[in-house]
file query_14.txt (compact mmCIF, C-alpha atoms and all ligand atoms)
# COMPACT_ATOMS: atom_id res chain seq x y z
CA MET A 1 0.00 0.00 0.00
CA ALA A 2 1.32 3.40 -0.87
CA VAL A 3 2.17 5.51 2.12
CA LYS A 4 -0.44 8.09 1.23
CA ASN A 5 -3.17 5.44 1.44
CA LEU A 6 -2.36 4.42 5.00
CA PRO A 7 -5.25 5.04 7.38
CA ILE A 8 -4.98 7.92 9.81
CA VAL A 9 -4.84 6.47 13.30
CA PRO A 10 -7.01 8.52 15.63
CA SER A 11 -4.97 9.82 18.51
CA GLY A 12 -6.38 10.87 21.85
CA ASP A 13 -7.39 14.34 22.83
CA PRO A 14 -4.36 15.99 24.34
CA GLY A 15 -4.67 15.81 28.08
CA ALA A 16 -7.31 13.05 27.99
CA LEU A 17 -5.73 11.51 31.06
CA VAL A 18 -6.75 14.53 33.11
CA GLU A 19 -10.46 13.82 32.73
CA ALA A 20 -10.06 10.07 33.14
CA ALA A 21 -7.94 10.23 36.28
CA ASN A 22 -9.16 9.00 39.62
CA TYR A 23 -6.40 8.39 42.09
CA ALA A 24 -8.60 7.91 45.16
CA THR A 25 -7.54 4.27 45.43
CA TRP A 26 -3.85 5.22 45.51
CA ARG A 27 -4.20 7.18 48.69
CA ILE A 28 -3.51 5.95 52.20
CA PHE A 29 -3.69 9.49 53.53
CA ARG A 30 -5.49 12.48 52.07
CA PRO A 31 -4.43 16.10 52.44
CA VAL A 32 -7.05 18.24 54.18
CA ILE A 33 -6.87 22.03 54.20
CA THR A 34 -7.16 23.04 57.83
CA GLU A 35 -6.21 26.71 57.52
CA SER A 36 -6.55 28.01 54.01
CA ALA A 37 -4.91 31.37 54.73
CA LYS A 38 -1.72 29.71 55.92
CA VAL A 39 -1.16 27.56 52.82
CA ASN A 40 2.02 28.57 51.00
CA PRO A 41 1.30 28.90 47.24
CA ILE A 42 4.68 27.28 46.53
CA VAL A 43 2.93 23.90 47.01
CA THR A 44 1.19 24.43 43.69
CA LEU A 45 4.64 24.05 42.10
CA TYR A 46 5.73 21.21 44.40
CA CYS A 47 2.68 19.00 43.82
CA PRO A 48 3.64 16.43 41.14
CA ASP A 49 0.05 16.06 40.01
CA GLY A 50 -1.21 19.62 39.81
CA ALA A 51 -3.84 18.62 42.34
CA ILE A 52 -3.71 21.64 44.63
CA THR A 53 -4.61 25.23 43.77
CA VAL A 54 -4.15 28.36 45.85
CA ASP A 55 -5.80 31.64 44.88
CA GLU A 56 -7.71 34.57 46.40
CA SER A 57 -10.58 32.31 47.42
CA GLY A 58 -8.19 29.99 49.27
CA ALA A 59 -6.54 26.61 48.83
CA GLU A 60 -8.29 23.63 47.30
CA VAL A 61 -7.36 20.01 46.60
CA ASN A 62 -8.75 18.09 43.61
CA TYR A 63 -9.25 14.60 45.04
CA LYS A 64 -9.55 13.00 41.61
CA LEU A 65 -5.95 13.98 40.83
CA CYS A 66 -4.32 13.81 44.27
CA LYS A 67 -2.30 10.64 44.95
CA GLY A 68 -1.78 11.45 48.62
CA CYS A 69 2.01 11.78 48.45
CA GLY A 70 2.08 14.23 51.35
CA ILE A 71 4.52 16.74 49.85
CA CYS A 72 2.09 19.66 50.27
CA ALA A 73 1.48 18.92 53.94
CA LYS A 74 5.21 18.60 54.58
CA GLU A 75 6.13 21.83 52.78
CA SER A 76 3.37 24.11 54.02
CA GLU A 77 1.37 24.98 57.09
CA GLY A 78 -2.41 24.72 57.04
CA ILE A 79 -2.54 21.24 55.44
CA GLN A 80 -2.87 17.98 57.32
CA MET A 81 -2.69 14.38 56.14
CA VAL A 82 -5.57 12.28 57.48
CA PRO A 83 -6.07 8.53 56.96
CA GLU A 84 -8.45 7.59 54.15
CA TYR A 85 -9.58 4.49 56.00
CA THR A 86 -10.75 4.87 59.55
CA GLY A 87 -12.78 1.68 59.97
CA PRO A 88 -11.95 -1.27 62.22
CA LYS A 89 -8.33 -2.40 62.21
CA GLY A 90 -6.81 -5.84 62.41
CA VAL A 91 -9.81 -7.66 60.89
CA PHE A 92 -7.61 -9.95 58.83
CA MET B 1 11.59 33.16 47.35
CA THR B 2 9.62 35.59 45.30
CA ILE B 3 7.49 33.97 42.68
CA ASP B 4 4.72 36.04 41.19
CA PHE B 5 1.98 33.50 41.76
CA LYS B 6 -0.74 35.84 40.49
CA ASN B 7 0.80 35.96 37.03
CA LEU B 8 1.88 32.34 36.89
CA PRO B 9 -0.06 30.61 34.09
CA LYS B 10 -3.00 28.66 35.53
CA GLN B 11 -2.97 26.31 32.58
CA GLU B 12 -1.65 22.82 33.36
CA LEU B 13 0.16 21.70 30.21
CA PHE B 14 1.65 18.66 31.87
CA GLY B 15 1.23 16.74 35.09
CA GLN B 16 -2.44 16.37 35.94
CA GLY B 17 -3.43 12.72 35.84
CA ASN B 18 0.11 11.54 35.08
CA VAL B 19 0.65 7.85 35.71
CA GLY B 20 3.86 8.27 37.71
CA CYS B 21 4.35 7.20 41.30
CA LYS B 22 3.03 9.44 44.04
CA GLY B 23 5.56 12.14 44.89
CA CYS B 24 7.39 11.77 41.55
CA GLY B 25 10.33 14.21 41.25
CA ALA B 26 10.38 14.01 37.44
CA ALA B 27 6.73 15.09 37.26
CA ILE B 28 7.48 18.06 39.53
CA ALA B 29 10.34 19.12 37.23
CA GLY B 30 8.07 18.82 34.19
CA ARG B 31 5.31 20.90 35.74
CA GLN B 32 7.63 23.72 36.79
CA ALA B 33 9.31 23.83 33.38
CA MET B 34 6.05 23.82 31.41
CA LYS B 35 4.81 26.87 33.37
CA VAL B 36 7.59 28.77 31.60
CA LEU B 37 7.84 27.01 28.25
CA GLY B 38 4.14 27.38 27.54
CA GLU B 39 1.80 26.06 24.89
CA ARG B 40 4.06 26.67 21.89
CA THR B 41 6.40 23.82 22.80
CA ILE B 42 7.22 20.50 21.18
CA ILE B 43 8.73 17.85 23.47
CA THR B 44 10.69 14.74 22.51
CA ILE B 45 11.27 12.11 25.18
CA PRO B 46 13.50 9.02 25.01
CA ALA B 47 12.66 5.81 26.90
CA SER B 48 12.49 6.74 30.58
CA CYS B 49 10.01 7.22 33.41
CA MET B 50 9.03 10.55 31.85
CA ALA B 51 7.97 8.75 28.67
CA THR B 52 5.84 6.35 30.71
CA LEU B 53 4.19 8.84 33.01
CA GLY B 54 3.02 11.04 30.16
CA GLY B 55 0.49 8.34 29.32
CA ASN B 56 0.09 6.27 26.18
CA ASN B 57 -2.18 5.48 23.28
CA THR B 58 -5.21 7.78 23.47
CA LYS B 59 -4.69 8.91 27.05
CA THR B 60 -2.02 11.51 27.71
CA THR B 61 -1.32 14.12 30.33
CA TRP B 62 0.59 16.35 27.89
CA LYS B 63 -1.41 19.14 26.30
CA THR B 64 1.41 20.02 23.92
CA PRO B 65 2.74 17.83 21.10
CA PHE B 66 5.13 15.26 22.48
CA TYR B 67 7.02 12.51 20.73
CA HIS B 68 8.34 9.36 22.34
CA THR B 69 11.66 8.69 20.60
CA LEU B 70 13.97 5.71 20.71
CA PHE B 71 16.41 5.72 23.60
CA GLU B 72 19.43 6.97 21.70
CA CYS B 73 18.11 9.88 19.73
CA ALA B 74 15.88 12.47 21.42
CA PRO B 75 18.20 15.43 20.62
CA ALA B 76 18.53 14.23 17.02
CA ILE B 77 14.75 14.07 16.65
CA SER B 78 14.49 17.55 18.20
CA SER B 79 17.02 18.79 15.65
CA GLY B 80 14.79 17.43 12.89
CA VAL B 81 11.70 19.01 14.41
CA ARG B 82 13.50 22.36 14.52
CA ALA B 83 14.58 22.01 10.89
CA ALA B 84 10.98 21.27 9.87
CA LEU B 85 9.73 24.34 11.75
CA GLU B 86 12.40 26.53 10.22
CA ILE B 87 11.63 25.49 6.67
CA GLN B 88 7.99 26.45 7.31
CA GLY B 89 9.05 29.78 8.78
CA ILE B 90 7.61 29.01 12.21
CA LYS B 91 9.67 30.89 14.76
CA ASP B 92 7.73 30.95 18.05
CA VAL B 93 8.07 27.33 19.12
CA ASN B 94 10.36 25.93 21.84
CA VAL B 95 11.80 22.56 20.85
CA VAL B 96 12.79 20.56 23.91
CA SER B 97 14.27 17.09 24.31
CA TRP B 98 13.62 15.81 27.80
CA GLY B 99 15.77 12.83 28.79
CA GLY B 100 16.58 10.91 31.93
CA ASP B 101 20.16 10.40 33.05
CA ALA B 102 20.54 7.28 30.90
CA GLY B 103 18.83 8.89 27.92
CA SER B 104 21.22 11.87 28.15
CA ALA B 105 24.51 10.89 29.76
CA ASP B 106 24.87 7.24 28.75
CA ILE B 107 22.75 5.60 26.07
CA GLY B 108 21.57 8.90 24.58
CA PHE B 109 24.92 10.66 24.82
CA GLN B 110 26.03 10.43 21.19
CA SER B 111 23.00 12.26 19.84
CA LEU B 112 23.22 14.84 22.64
CA THR B 113 26.87 15.66 21.99
CA GLY B 114 26.14 15.75 18.25
CA ALA B 115 23.27 18.20 18.57
CA ALA B 116 25.29 20.37 20.98
CA GLU B 117 28.25 20.42 18.62
CA ARG B 118 26.00 21.51 15.74
CA GLN B 119 24.64 24.28 18.02
CA GLU B 120 21.09 23.21 17.21
CA HIS B 121 18.42 25.65 18.35
CA ILE B 122 16.93 23.35 21.01
CA ILE B 123 16.85 22.91 24.78
CA HIS B 124 17.98 19.59 26.20
CA VAL B 125 16.85 18.74 29.72
CA LEU B 126 18.44 16.01 31.80
CA TYR B 127 16.14 15.23 34.73
CA ASP B 128 18.44 13.38 37.03
CA ASN B 129 17.21 10.71 39.42
CA GLU B 130 20.73 9.27 39.41
CA MET B 131 19.58 5.76 38.38
CA TYR B 132 17.82 3.88 35.58
CA MET B 133 14.50 4.02 37.37
CA ASN B 134 12.14 2.93 34.63
CA THR B 135 13.77 -0.48 34.47
CA GLY B 136 14.07 -0.91 38.21
CA GLY B 137 16.86 1.35 39.43
CA GLN B 138 20.17 0.19 37.95
CA THR B 139 23.51 2.01 38.27
CA GLY B 140 24.45 4.52 35.58
CA SER B 141 27.09 7.17 35.05
CA GLN B 142 25.01 9.71 36.98
CA THR B 143 24.74 7.48 40.06
CA PRO B 144 26.82 9.09 42.82
CA LEU B 145 29.74 7.48 44.63
CA TYR B 146 28.74 4.81 47.21
CA ALA B 147 25.01 4.80 46.30
CA ILE B 148 23.35 1.39 46.48
CA THR B 149 21.25 0.46 43.45
CA SER B 150 19.19 -2.58 42.45
CA ASN B 151 22.17 -4.13 40.63
CA GLY B 152 24.87 -2.69 42.88
CA ALA B 153 24.25 -3.89 46.42
CA LEU B 154 27.72 -2.82 47.56
CA GLY B 155 27.35 0.76 46.37
CA LYS B 156 28.94 2.51 43.39
CA LYS B 157 32.71 2.42 43.39
CA VAL B 158 33.41 5.40 41.14
CA HIS B 159 32.38 9.04 40.93
CA LYS B 160 29.38 10.52 39.15
CA LYS B 161 30.34 11.68 35.66
CA ASN B 162 30.32 15.49 35.53
CA MET B 163 27.79 16.07 32.74
CA LEU B 164 27.56 19.81 33.38
CA ALA B 165 31.29 20.21 32.74
CA ILE B 166 31.07 18.04 29.63
CA MET B 167 28.22 20.11 28.21
CA GLU B 168 29.99 23.36 29.13
CA ALA B 169 32.99 22.15 27.17
CA HIS B 170 30.83 22.09 24.01
CA GLY B 171 30.80 25.89 24.13
CA ILE B 172 27.01 26.02 23.84
CA ASP B 173 24.86 29.10 24.53
CA TYR B 174 23.53 28.11 27.91
CA VAL B 175 24.31 25.49 30.57
CA ALA B 176 22.56 25.38 33.92
CA SER B 177 21.98 23.12 36.89
CA ALA B 178 18.61 23.26 38.64
CA ASN B 179 16.69 21.59 41.44
CA ILE B 180 12.97 20.96 41.95
CA ALA B 181 13.06 22.42 45.48
CA TYR B 182 13.98 25.82 43.98
CA PRO B 183 11.23 26.50 41.41
CA GLU B 184 12.03 30.19 41.04
CA ASP B 185 15.63 29.46 40.08
CA LEU B 186 14.54 26.61 37.80
CA MET B 187 11.93 28.70 35.99
CA ASN B 188 14.35 31.62 35.51
CA LYS B 189 16.79 29.24 33.86
CA PHE B 190 14.13 27.91 31.48
CA LYS B 191 13.22 31.49 30.60
CA LYS B 192 16.83 32.22 29.70
CA ALA B 193 17.26 28.98 27.76
CA ALA B 194 14.11 29.65 25.73
CA SER B 195 15.49 33.04 24.69
CA LYS B 196 18.70 31.58 23.21
CA LYS B 197 19.23 31.04 19.50
CA GLY B 198 21.50 28.05 19.98
CA PHE B 199 21.79 24.98 22.16
CA SER B 200 20.84 25.05 25.86
CA TYR B 201 21.35 22.33 28.43
CA ILE B 202 19.54 22.21 31.79
CA HIS B 203 20.39 19.52 34.33
CA ILE B 204 17.70 19.13 37.02
CA LEU B 205 18.20 17.10 40.18
CA ALA B 206 14.85 15.35 40.69
CA PRO B 207 14.83 12.71 43.45
CA CYS B 208 13.01 9.41 43.00
CA HIS B 209 11.70 8.14 46.31
CA ARG B 210 11.67 4.51 45.13
CA GLY B 211 15.30 4.55 44.08
CA TRP B 212 16.69 6.77 46.79
CA GLY B 213 15.07 4.99 49.72
CA ILE B 214 13.11 7.96 51.02
CA LYS B 215 9.42 8.55 51.74
CA PRO B 216 7.33 10.10 48.94
CA GLU B 217 6.64 13.22 51.00
CA GLU B 218 10.40 13.77 51.45
CA THR B 219 11.06 14.28 47.73
CA ILE B 220 11.34 18.07 47.99
CA GLU B 221 13.04 18.06 51.38
CA VAL B 222 15.83 15.74 50.21
CA ALA B 223 16.25 17.70 46.97
CA ARG B 224 16.66 20.85 49.07
CA LYS B 225 19.23 19.20 51.33
CA ALA B 226 21.31 18.29 48.27
CA VAL B 227 21.67 22.00 47.49
CA GLU B 228 22.03 23.25 51.06
CA CYS B 229 24.86 20.83 51.87
CA GLY B 230 26.75 21.91 48.76
CA MET B 231 26.70 18.58 46.90
CA TRP B 232 24.39 19.97 44.21
CA GLU B 233 25.59 23.41 43.16
CA LEU B 234 23.06 25.74 41.51
CA PHE B 235 24.80 27.67 38.75
CA GLU B 236 24.58 28.70 35.13
CA VAL B 237 27.06 29.31 32.34
CA ASP B 238 25.47 31.97 30.15
CA GLU B 239 27.46 32.33 26.92
CA GLY B 240 30.64 31.45 28.75
CA LYS B 241 30.00 33.47 31.90
CA ARG B 242 29.70 31.30 34.99
CA THR B 243 27.54 32.47 37.92
CA ARG B 244 26.47 30.66 41.07
CA THR B 245 22.74 31.38 41.30
CA TYR B 246 22.22 30.31 44.91
CA GLU B 247 24.47 30.41 47.98
CA PRO B 248 23.95 27.28 50.05
CA SER B 249 23.81 27.34 53.84
CA PHE B 250 26.30 24.44 54.11
CA ILE B 251 24.47 22.00 56.32
CA PRO B 252 26.61 18.89 56.96
CA VAL B 253 26.61 16.48 53.98
CA ALA B 254 25.65 13.76 56.46
CA ASP B 255 22.21 15.41 56.82
CA TYR B 256 21.62 14.85 53.12
CA LEU B 257 23.19 11.40 52.82
CA LYS B 258 21.77 9.86 56.00
CA ALA B 259 18.24 10.80 54.96
CA GLN B 260 18.45 8.25 52.13
CA GLY B 261 18.24 4.46 52.19
CA ARG B 262 20.67 4.15 49.27
CA PHE B 263 23.48 5.49 51.49
CA LYS B 264 22.61 3.37 54.53
CA ASN B 265 25.95 1.56 54.46
CA LEU B 266 28.04 4.73 54.35
CA THR B 267 30.86 4.62 56.91
CA ALA B 268 31.93 7.60 59.02
CA GLU B 269 35.20 7.80 57.02
CA GLN B 270 33.34 7.89 53.71
CA THR B 271 31.04 10.66 54.96
CA ALA B 272 34.04 12.64 56.24
CA GLU B 273 35.78 12.19 52.89
CA LEU B 274 32.74 13.54 51.02
CA GLN B 275 32.48 16.46 53.44
CA LYS B 276 36.15 17.20 52.83
CA SER B 277 35.75 17.30 49.07
CA VAL B 278 32.72 19.62 49.36
CA ASN B 279 34.69 21.94 51.67
CA LYS B 280 37.58 21.95 49.24
CA TYR B 281 35.32 22.69 46.26
CA TYR B 282 33.82 25.75 47.93
CA GLY B 283 37.23 26.93 49.17
CA LYS B 284 36.38 26.38 52.80
CA GLY B 285 39.64 24.70 53.74
CA GLU B 286 40.28 20.98 54.07
C1 LIG C 1 18.03 0.83 23.31
C2 LIG C 1 17.29 0.55 24.56
N1 LIG C 1 17.93 -0.07 25.58
C3 LIG C 1 17.28 -0.30 26.74
C4 LIG C 1 15.97 0.08 26.91
C5 LIG C 1 15.27 -0.21 28.22
N2 LIG C 1 15.09 0.96 29.05
C6 LIG C 1 13.93 1.68 29.02
S1 LIG C 1 13.92 2.96 30.10
C7 LIG C 1 15.47 2.55 30.66
C8 LIG C 1 16.14 3.34 31.75
C9 LIG C 1 15.95 4.82 31.68
O1 LIG C 1 16.72 5.45 32.64
P1 LIG C 1 16.86 7.01 32.71
O2 LIG C 1 17.17 7.59 31.38
O3 LIG C 1 17.82 7.31 33.80
O4 LIG C 1 15.43 7.56 33.08
P2 LIG C 1 14.57 7.19 34.37
O5 LIG C 1 13.78 5.99 34.01
O6 LIG C 1 15.52 6.98 35.49
O7 LIG C 1 13.69 8.35 34.61
C10 LIG C 1 15.97 1.42 29.99
C11 LIG C 1 17.30 0.81 30.25
C12 LIG C 1 15.32 0.70 25.81
N3 LIG C 1 14.04 1.10 25.89
N4 LIG C 1 15.99 0.92 24.66
S1 LIG C 2 -0.78 15.03 48.71
FE1 LIG C 2 0.68 15.12 46.98
S2 LIG C 2 -0.61 14.80 45.15
FE2 LIG C 2 -2.02 15.37 46.83
S3 LIG C 2 -2.24 17.59 46.67
FE3 LIG C 2 -0.57 17.21 48.15
S4 LIG C 2 1.31 17.29 46.92
FE4 LIG C 2 -0.42 17.04 45.48

call {"tool": "encode", "arguments": {"input": "query_14.txt", "output": "structure tokens", "more": "lines below"}}
Ligand SMILES: Cc1ncc(C[n+]2csc(CCOP(=O)(O)OP(=O)(O)O)c2C)c(N)n1
Ligand code: SF4
result
Amino acid sequence: MAVKNLPIVPSGDPGALVEAANYATWRIFRPVITESAKVNPIVTLYCPDGAITVDESGAEVNYKLCKGCGICAKESEGIQMVPEYTGPKGVF
Amino acid sequence: MTIDFKNLPKQELFGQGNVGCKGCGAAIAGRQAMKVLGERTIITIPASCMATLGGNNTKTTWKTPFYHTLFECAPAISSGVRAALEIQGIKDVNVVSWGGDAGSADIGFQSLTGAAERQEHIIHVLYDNEMYMNTGGQTGSQTPLYAITSNGALGKKVHKKNMLAIMEAHGIDYVASANIAYPEDLMNKFKKAASKKGFSYIHILAPCHRGWGIKPEETIEVARKAVECGMWELFEVDEGKRTRTYEPSFIPVADYLKAQGRFKNLTAEQTAELQKSVNKYYGKGE
């Protein structure tokens, strides 16, 4: 087949992974904003997943993108890591 | 640090939904760089974690064109991309090859040195996790002295190859070292590199918690310690002029090394020897 007759393979929408992502199951701990005013905006550049935003209205975590690495809580005040699972322990 | 967060682009061109590990240093480097490089950027990536975590098939995290090259040839492909843009008269695009330490300093070295010698109008980034992480953390030329890796249980016996000096010796427009714990410094360096008409090389230290034996949340902290103890110098060589861009506070090197599992077998003599060579380098006596 001549090259010009080859089918065009559909490629994904750029950034399609962003909509599809759900990293809830990756997390053991989740970051919770305890004091929005104290959150250092530098964490928006430290988060590997672009999951935290800080603007005039305060800090916010997107829990579909967040993997619970804990970098934001370590690098800034006003964020705390809390366990995702708080049910009974030692069942198995 | 003074970053103008208000005017920082809100757009996330890379990073959201990436399939890397939690706390991935390479992803942090990519996000900080893309804030500066912007939409008009074409990326080529050789085999590495960065190639994997960008996604595959129809699902990608990149919102700019990116091309997954063979291991040996990302800078060569970038050279071709630049030539194609030039012939079409397109002038406002950054062409960036983004390789790991193997894809830049070892297996990808011949195409990197070739592109640098030709003074191609591209930026090459080496994001350095000091191991071959995508295949399980083997030793490479960028692995530091004494570090334990998956195929080197006794620790590396020889020094890390000085890639920054090698690239400087090419007489290219711009050479810089950077670190993910210092985003302002990193982003300034990308701004400068993007303004050059010739070849730029940026070498970013980006810890990998799996390979370095640290906790995911310590990625930034350990990266910062590397700079503060003096083992990772932040500097640039702008058209031949060398400037140190950050003065470290000189914490003991032991603070940096002891924080990592890969240096768990380090003896007191070895630590003292490393401290001595750092002191000597910065002209602080023996
Ligand atoms: C020619 C060739 N040899 C070997 C491989 C297997 N391989 C894929 S990624 C990789 C290691 C990459 O290491 P590095 O460049 O340091 O990036 P990292 O994964 O550490 O981010 C290897 C050996 C390959 N894809 N192609
Ligand atoms: S825990 Fe990690 S992934 Fe989640 S918001 Fe904080 S830095 Fe980002």

call {"tool": "interface_residues", "arguments": {"input": "query_14.txt", "of": "chain B", "to": "chain A", "cutoff": "9 Å", "atoms": "all atoms listed in the file", "output": "ChimeraX atom specification"}}
result
/B:3,5-6,12-32,54-55,57-65,180-181,183,215-221

call {"tool": "atom_distance", "arguments": {"input": "query_14.txt", "atom1": "atom CA of Asp173 of chain B", "atom2": "atom CA of Ser200 of chain B"}}
result
5.9 Å

call {"tool": "closest_residue", "arguments": {"input": "query_14.txt", "among": "B:Ser97, B:Ala176, B:Val81, B:Leu53", "to": "Lys192 of chain B", "atoms": "all atoms listed in the file"}}
result
B:Ala176

call {"tool": "closest_atom_pairs", "arguments": {"input": "query_14.txt", "of": "chain B", "to": "ligand LIG 1 (chain C)", "cutoff": "9 Å", "atoms": "all atoms listed in the file", "output": "CSV"}}
result
residue,atom,partner,partner_atom,distance
B:Ala26,CA,C:LIG1,O7,7.1
B:Pro46,CA,C:LIG1,O2,7.5
B:Ala47,CA,C:LIG1,S1,4.5
B:Ser48,CA,C:LIG1,O5,3.7
B:Cys49,CA,C:LIG1,O5,4.0
B:Met50,CA,C:LIG1,O7,5.8
B:Ala51,CA,C:LIG1,O7,8.3
B:Thr52,CA,C:LIG1,O5,8.6
B:Leu70,CA,C:LIG1,N4,6.5
B:Phe71,CA,C:LIG1,N4,4.9
B:Glu72,CA,C:LIG1,C1,6.5
B:Gly99,CA,C:LIG1,O2,6.0
B:Gly100,CA,C:LIG1,O2,3.4
B:Asp101,CA,C:LIG1,O3,3.9
B:Ala102,CA,C:LIG1,O2,3.4
B:Gly103,CA,C:LIG1,O2,4.1
B:Ser104,CA,C:LIG1,O2,6.7
B:Ala105,CA,C:LIG1,O2,8.2
B:Asp106,CA,C:LIG1,O2,8.1
B:Ile107,CA,C:LIG1,C1,7.3
B:Gly108,CA,C:LIG1,O2,8.2
B:Leu126,CA,C:LIG1,O2,8.5
B:Tyr127,CA,C:LIG1,O7,7.3
B:Asp128,CA,C:LIG1,O3,6.9
B:Asn129,CA,C:LIG1,O6,5.7
B:Glu130,CA,C:LIG1,O3,6.6
B:Met131,CA,C:LIG1,O6,5.1
B:Tyr132,CA,C:LIG1,O1,3.5
B:Met133,CA,C:LIG1,O6,3.7
B:Asn134,CA,C:LIG1,O5,3.5
B:Thr135,CA,C:LIG1,C7,5.2
B:Gly136,CA,C:LIG1,C8,8.0
B:Gly137,CA,C:LIG1,O6,7.0
B:Gln138,CA,C:LIG1,C8,8.0
B:Thr139,CA,C:LIG1,O3,9.0
B:Gly140,CA,C:LIG1,O3,7.4
B:Gln142,CA,C:LIG1,O3,8.2
B:Cys208,CA,C:LIG1,O6,8.3
B:Gly211,CA,C:LIG1,O6,8.9

call {"tool": "atom_distance", "arguments": {"input": "query_14.txt", "atom1": "atom CA of Gly38 of chain B", "atom2": "atom CA of Cys73 of chain B"}}
result
23.7 Å

call {"tool": "atom_distance", "arguments": {"input": "query_14.txt", "atom1": "atom CA of Arg82 of chain B", "atom2": "atom CA of Asn94 of chain B"}}
result
8.7 Å

call {"tool": "axis_aligned_box", "arguments": {"input": "query_14.txt", "around": "segment 46-62 of chain A", "padding_each_side": "3 Å", "output": "AutoDock Vina command-line options"}}
result
--center_x -2.4 --center_y 25.3 --center_z 44.5 --size_x 22.3 --size_y 24.5 --size_z 15.5

call {"tool": "residues_near_point", "arguments": {"input": "query_14.txt", "point": "(25.2, 16.9, 40.8)", "cutoff": "12 Å", "atoms": "all atoms listed in the file", "output": "ChimeraX atom specification"}}
result
/B:101,126-130,141-145,159-165,176-179,202-207,223,226-227,229-235,278

call {"tool": "build_atoms", "arguments": {"input": "query_14.txt", "residues": "segment 54-65 of chain B", "atoms": "N, CA, C and O atoms", "output": "PDB file, in the frame of the given file"}}
result
ATOM      1  N   GLY B  54       3.804  10.144  31.012  1.00  0.00           N
ATOM      2  CA  GLY B  54       3.020  11.040  30.160  1.00  0.00           C
ATOM      3  C   GLY B  54       1.757  10.383  29.637  1.00  0.00           C
ATOM      4  O   GLY B  54       0.892  11.041  29.069  1.00  0.00           O
ATOM      5  N   GLY B  55       1.648   9.065  29.822  1.00  0.00           N
ATOM      6  CA  GLY B  55       0.490   8.340  29.320  1.00  0.00           C
ATOM      7  C   GLY B  55       0.794   7.693  27.988  1.00  0.00           C
ATOM      8  O   GLY B  55       1.877   7.857  27.428  1.00  0.00           O
ATOM      9  N   ASN B  56      -0.160   6.915  27.464  1.00  0.00           N
ATOM     10  CA  ASN B  56       0.090   6.270  26.180  1.00  0.00           C
ATOM     11  C   ASN B  56      -1.194   6.153  25.392  1.00  0.00           C
ATOM     12  O   ASN B  56      -2.283   6.447  25.893  1.00  0.00           O
ATOM     13  N   ASN B  57      -1.040   5.709  24.153  1.00  0.00           N
ATOM     14  CA  ASN B  57      -2.180   5.480  23.280  1.00  0.00           C
ATOM     15  C   ASN B  57      -3.076   6.724  23.234  1.00  0.00           C
ATOM     16  O   ASN B  57      -2.622   7.796  22.906  1.00  0.00           O
ATOM     17  N   THR B  58      -4.334   6.611  23.598  1.00  0.00           N
ATOM     18  CA  THR B  58      -5.210   7.780  23.470  1.00  0.00           C
ATOM     19  C   THR B  58      -5.334   8.587  24.761  1.00  0.00           C
ATOM     20  O   THR B  58      -6.102   9.517  24.838  1.00  0.00           O
ATOM     21  N   LYS B  59      -4.588   8.184  25.773  1.00  0.00           N
ATOM     22  CA  LYS B  59      -4.690   8.910  27.050  1.00  0.00           C
ATOM     23  C   LYS B  59      -3.350   9.516  27.432  1.00  0.00           C
ATOM     24  O   LYS B  59      -2.405   8.806  27.768  1.00  0.00           O
ATOM     25  N   THR B  60      -3.264  10.842  27.368  1.00  0.00           N
ATOM     26  CA  THR B  60      -2.020  11.510  27.710  1.00  0.00           C
ATOM     27  C   THR B  60      -2.266  12.636  28.702  1.00  0.00           C
ATOM     28  O   THR B  60      -3.369  13.162  28.788  1.00  0.00           O
ATOM     29  N   THR B  61      -1.215  12.982  29.432  1.00  0.00           N
ATOM     30  CA  THR B  61      -1.320  14.120  30.330  1.00  0.00           C
ATOM     31  C   THR B  61      -0.788  15.388  29.656  1.00  0.00           C
ATOM     32  O   THR B  61      -1.127  16.497  30.029  1.00  0.00           O
ATOM     33  N   TRP B  62       0.054  15.202  28.618  1.00  0.00           N
ATOM     34  CA  TRP B  62       0.590  16.350  27.890  1.00  0.00           C
ATOM     35  C   TRP B  62      -0.504  17.052  27.107  1.00  0.00           C
ATOM     36  O   TRP B  62      -1.305  16.403  26.448  1.00  0.00           O
ATOM     37  N   LYS B  63      -0.490  18.391  27.155  1.00  0.00           N
ATOM     38  CA  LYS B  63      -1.410  19.140  26.300  1.00  0.00           C
ATOM     39  C   LYS B  63      -0.653  19.845  25.184  1.00  0.00           C
ATOM     40  O   LYS B  63      -1.196  20.695  24.492  1.00  0.00           O
ATOM     41  N   THR B  64       0.626  19.518  25.050  1.00  0.00           N
ATOM     42  CA  THR B  64       1.410  20.020  23.920  1.00  0.00           C
ATOM     43  C   THR B  64       1.836  18.792  23.115  1.00  0.00           C
ATOM     44  O   THR B  64       1.782  17.673  23.628  1.00  0.00           O
ATOM     45  N   PRO B  65       2.264  18.989  21.858  1.00  0.00           N
ATOM     46  CA  PRO B  65       2.740  17.830  21.100  1.00  0.00           C
ATOM     47  C   PRO B  65       3.953  17.218  21.798  1.00  0.00           C
ATOM     48  O   PRO B  65       4.859  17.938  22.214  1.00  0.00           O
TER      49      PRO B  65
END
